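Okay, structure first, notes after.
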Amino acid sequence: MSQRPSKRALELHRRACEKGEAGYMDPDTGLFVMTSVYLRGQGECCGSGCRHCPYGKEEQIVAGRPDVPAWPWPAAGDSAGN
C-alpha cells in the first residue's frame with residue numbers, strides 16, 4: 001500500500017504499538033496490519049513492503065523491499081511517534 005494511511009489508522013497503529021500488540025484492524029480496508037513493534041521484534045526486514053516497516057532504507061534494499069513508503073512508529077528521529 002503506497003497511499004498514506006488515514007489519521008484513524010495511524011492512531012490505531014500508535015495505540016497498538018504502545019500496548020505492544022502485533023497489529024490492528026485497518027478501519028478503511030478491514031485488513032489486519034502488523035505494527036512497527038511486532039516487525040521490529042522479527043529482527044530484520046522481510047522485504048514484503050509492510051506499511052509500518054521500522055527498518056532503515058539500506059536494510060530494506062538488501063531485503064528486496066519494494067520502493068514504497070512506510071509509516072513506522074515512532075518515526076525515525078521522533079520519540080513521540082506518528
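Please note that chains go A, B, ... in the order of the C-alpha cells, that every chain numbers its residues from 1, and that ligands are numbered from 1 in the order shown.
If you count only C-alpha atoms and ignore residues fewer than 2 places along the chain from Pro5 in chain A, what sits within 9 Å of it is Met1, Ser2, Gln3, Lys7, Arg8, Ala9, Leu10, Asp26, Asp28, Arg51 and Trp71 of chain A.
The environment of Val37 in chain A within 8 Å, counting only C-alpha atoms and disregarding residues fewer than 2 places along the same chain, consists of Cys17, Gly20, Glu21, Ala22, Thr35, Leu39, Arg40, Gly41 and Trp73 of chain A.
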Output for the residues just chosen: all heavy atoms as a PDB file, in the first residue's frame:
```pdb
ATOM      1  N   CYS A  17       0.957  -0.070  19.127  1.00  0.00           N
ATOM      2  CA  CYS A  17       2.384  -0.082  19.451  1.00  0.00           C
ATOM      3  C   CYS A  17       2.599   0.182  20.934  1.00  0.00           C
ATOM      4  O   CYS A  17       3.401  -0.495  21.584  1.00  0.00           O
ATOM      5  CB  CYS A  17       3.140   0.959  18.626  1.00  0.00           C
ATOM      6  SG  CYS A  17       3.378   0.507  16.903  1.00  0.00           S
ATOM      7  N   GLY A  20       2.084  -2.798  22.817  1.00  0.00           N
ATOM      8  CA  GLY A  20       2.924  -3.928  22.442  1.00  0.00           C
ATOM      9  C   GLY A  20       2.192  -4.984  21.628  1.00  0.00           C
ATOM     10  O   GLY A  20       2.603  -6.141  21.584  1.00  0.00           O
ATOM     11  N   GLU A  21       1.117  -4.577  20.964  1.00  0.00           N
ATOM     12  CA  GLU A  21       0.317  -5.517  20.178  1.00  0.00           C
ATOM     13  C   GLU A  21       0.954  -5.782  18.816  1.00  0.00           C
ATOM     14  O   GLU A  21       1.650  -4.940  18.257  1.00  0.00           O
ATOM     15  CB  GLU A  21      -1.100  -4.981  20.004  1.00  0.00           C
ATOM     16  CG  GLU A  21      -1.836  -4.877  21.332  1.00  0.00           C
ATOM     17  CD  GLU A  21      -3.209  -4.229  21.217  1.00  0.00           C
ATOM     18  OE1 GLU A  21      -3.541  -3.660  20.162  1.00  0.00           O
ATOM     19  OE2 GLU A  21      -3.937  -4.293  22.220  1.00  0.00           O
ATOM     20  N   ALA A  22       0.665  -6.960  18.269  1.00  0.00           N
ATOM     21  CA  ALA A  22       1.231  -7.372  16.983  1.00  0.00           C
ATOM     22  C   ALA A  22       0.623  -6.624  15.809  1.00  0.00           C
ATOM     23  O   ALA A  22       1.259  -6.462  14.776  1.00  0.00           O
ATOM     24  CB  ALA A  22       1.046  -8.872  16.782  1.00  0.00           C
ATOM     25  N   THR A  35       2.156  -4.127  13.364  1.00  0.00           N
ATOM     26  CA  THR A  35       2.721  -2.901  13.918  1.00  0.00           C
ATOM     27  C   THR A  35       4.237  -2.868  13.767  1.00  0.00           C
ATOM     28  O   THR A  35       4.888  -3.906  13.588  1.00  0.00           O
ATOM     29  CB  THR A  35       2.399  -2.764  15.421  1.00  0.00           C
ATOM     30  OG1 THR A  35       3.027  -3.846  16.130  1.00  0.00           O
ATOM     31  CG2 THR A  35       0.912  -2.740  15.693  1.00  0.00           C
ATOM     32  N   LEU A  39       7.039  -5.914  13.937  1.00  0.00           N
ATOM     33  CA  LEU A  39       8.012  -6.069  12.860  1.00  0.00           C
ATOM     34  C   LEU A  39       9.439  -5.918  13.366  1.00  0.00           C
ATOM     35  O   LEU A  39      10.334  -6.664  12.961  1.00  0.00           O
ATOM     36  CB  LEU A  39       7.727  -5.079  11.732  1.00  0.00           C
ATOM     37  CG  LEU A  39       6.395  -5.287  11.008  1.00  0.00           C
ATOM     38  CD1 LEU A  39       6.093  -4.095  10.111  1.00  0.00           C
ATOM     39  CD2 LEU A  39       6.406  -6.583  10.216  1.00  0.00           C
ATOM     40  N   ARG A  40       9.661  -4.968  14.278  1.00  0.00           N
ATOM     41  CA  ARG A  40      10.991  -4.754  14.855  1.00  0.00           C
ATOM     42  C   ARG A  40      11.421  -6.015  15.611  1.00  0.00           C
ATOM     43  O   ARG A  40      12.586  -6.396  15.585  1.00  0.00           O
ATOM     44  CB  ARG A  40      10.969  -3.549  15.793  1.00  0.00           C
ATOM     45  CG  ARG A  40      12.310  -2.964  16.099  1.00  0.00           C
ATOM     46  CD  ARG A  40      12.204  -1.639  16.858  1.00  0.00           C
ATOM     47  NE  ARG A  40      11.770  -0.568  15.975  1.00  0.00           N
ATOM     48  CZ  ARG A  40      10.605   0.095  16.092  1.00  0.00           C
ATOM     49  NH1 ARG A  40       9.764  -0.195  17.053  1.00  0.00           N
ATOM     50  NH2 ARG A  40      10.293   1.048  15.252  1.00  0.00           N
ATOM     51  N   GLY A  41      10.467  -6.663  16.260  1.00  0.00           N
ATOM     52  CA  GLY A  41      10.750  -7.881  17.006  1.00  0.00           C
ATOM     53  C   GLY A  41      11.154  -9.058  16.132  1.00  0.00           C
ATOM     54  O   GLY A  41      11.723 -10.042  16.617  1.00  0.00           O
ATOM     55  N   TRP A  73       6.300   3.599  13.720  1.00  0.00           N
ATOM     56  CA  TRP A  73       6.077   4.346  14.954  1.00  0.00           C
ATOM     57  C   TRP A  73       7.029   3.832  16.001  1.00  0.00           C
ATOM     58  O   TRP A  73       7.115   2.628  16.187  1.00  0.00           O
ATOM     59  CB  TRP A  73       4.635   4.198  15.448  1.00  0.00           C
ATOM     60  CG  TRP A  73       4.357   5.108  16.602  1.00  0.00           C
ATOM     61  CD1 TRP A  73       3.904   6.387  16.533  1.00  0.00           C
ATOM     62  CD2 TRP A  73       4.547   4.837  17.987  1.00  0.00           C
ATOM     63  NE1 TRP A  73       3.804   6.927  17.790  1.00  0.00           N
ATOM     64  CE2 TRP A  73       4.196   5.985  18.709  1.00  0.00           C
ATOM     65  CE3 TRP A  73       4.994   3.737  18.700  1.00  0.00           C
ATOM     66  CZ2 TRP A  73       4.275   6.072  20.096  1.00  0.00           C
ATOM     67  CZ3 TRP A  73       5.068   3.805  20.080  1.00  0.00           C
ATOM     68  CH2 TRP A  73       4.707   4.969  20.759  1.00  0.00           C
TER      69      TRP A  73
END
```
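CA of Arg4 in chain A is found 23.8 Å from CA of Val62 in chain A.
Coordinates place CA of His13 in chain A at a distance of 24.1 Å from CA of Ile61 in chain A.
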### Query
Would you give me, as number ranges by chain, the residues in chain A that DSSP reads as helix (DSSP H, G or I)?
A: 7-18, 36-41, 57-63
### Query
Nearest to Pro66 in chain A: which of A:Gly30, A:Gly43, A:Gly23, A:Gly49 is it, counting only C-alpha atoms?
A:Gly49
Backbone DSSP call of strand (DSSP E) for chain A, listed as a compact mmCIF listing (two decimals) with all heavy atoms, in the first residue's frame:
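out.txt was written with the following content:
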```
# COMPACT_ATOMS: atom_id res chain seq x y z
N GLY A 23 -0.60 -6.16 15.94
CA GLY A 23 -1.24 -5.48 14.83
C GLY A 23 -2.57 -4.87 15.20
O GLY A 23 -2.96 -4.87 16.38
N TYR A 24 -3.25 -4.36 14.20
CA TYR A 24 -4.56 -3.73 14.38
C TYR A 24 -5.37 -3.93 13.11
O TYR A 24 -4.82 -4.23 12.05
CB TYR A 24 -4.40 -2.23 14.69
CG TYR A 24 -3.81 -1.45 13.54
CD1 TYR A 24 -4.63 -0.76 12.65
CD2 TYR A 24 -2.43 -1.41 13.32
CE1 TYR A 24 -4.10 -0.06 11.58
CE2 TYR A 24 -1.90 -0.71 12.25
CZ TYR A 24 -2.74 -0.04 11.39
OH TYR A 24 -2.22 0.65 10.33
N MET A 25 -6.66 -3.76 13.22
CA MET A 25 -7.54 -3.86 12.05
C MET A 25 -7.64 -2.48 11.41
O MET A 25 -8.06 -1.52 12.07
CB MET A 25 -8.93 -4.35 12.44
CG MET A 25 -8.94 -5.78 12.96
SD MET A 25 -8.32 -7.00 11.80
CE MET A 25 -9.59 -6.94 10.56
N PHE A 32 -5.87 -6.84 8.62
CA PHE A 32 -5.01 -6.83 9.79
C PHE A 32 -3.66 -6.31 9.35
O PHE A 32 -3.07 -6.83 8.40
CB PHE A 32 -4.89 -8.25 10.36
CG PHE A 32 -4.06 -8.31 11.62
CD1 PHE A 32 -4.61 -7.94 12.84
CD2 PHE A 32 -2.75 -8.73 11.57
CE1 PHE A 32 -3.85 -8.00 14.00
CE2 PHE A 32 -1.98 -8.79 12.72
CZ PHE A 32 -2.53 -8.42 13.94
N VAL A 33 -3.15 -5.30 10.04
CA VAL A 33 -1.88 -4.66 9.70
C VAL A 33 -0.92 -4.84 10.86
O VAL A 33 -1.24 -4.52 12.00
CB VAL A 33 -2.07 -3.16 9.39
CG1 VAL A 33 -0.75 -2.52 9.00
CG2 VAL A 33 -3.10 -2.96 8.30
N MET A 34 0.28 -5.36 10.58
CA MET A 34 1.28 -5.56 11.63
C MET A 34 1.88 -4.23 12.06
O MET A 34 2.09 -3.33 11.25
CB MET A 34 2.38 -6.49 11.13
CG MET A 34 1.86 -7.89 10.88
SD MET A 34 3.12 -8.99 10.22
CE MET A 34 3.16 -8.42 8.51
```
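Straight-line separation from CA of Ala16 in chain A to CA of Tyr38 in chain A: 9.8 Å.
Close contacts of Gly56 in chain A, defined as residues with an atom at most 12 Å away when counting only C-alpha atoms, with chain neighbours fewer than 2 positions off set aside, comprise Arg40, Glu44, Cys45, Gly47, His52, Cys53, Pro54, Glu58, Glu59, Gln60, Ile61, Val62, Ala63, Arg65, Pro69, Ala70, Trp71, Pro72, Ala75, Ala76 and Gly77 of chain A.
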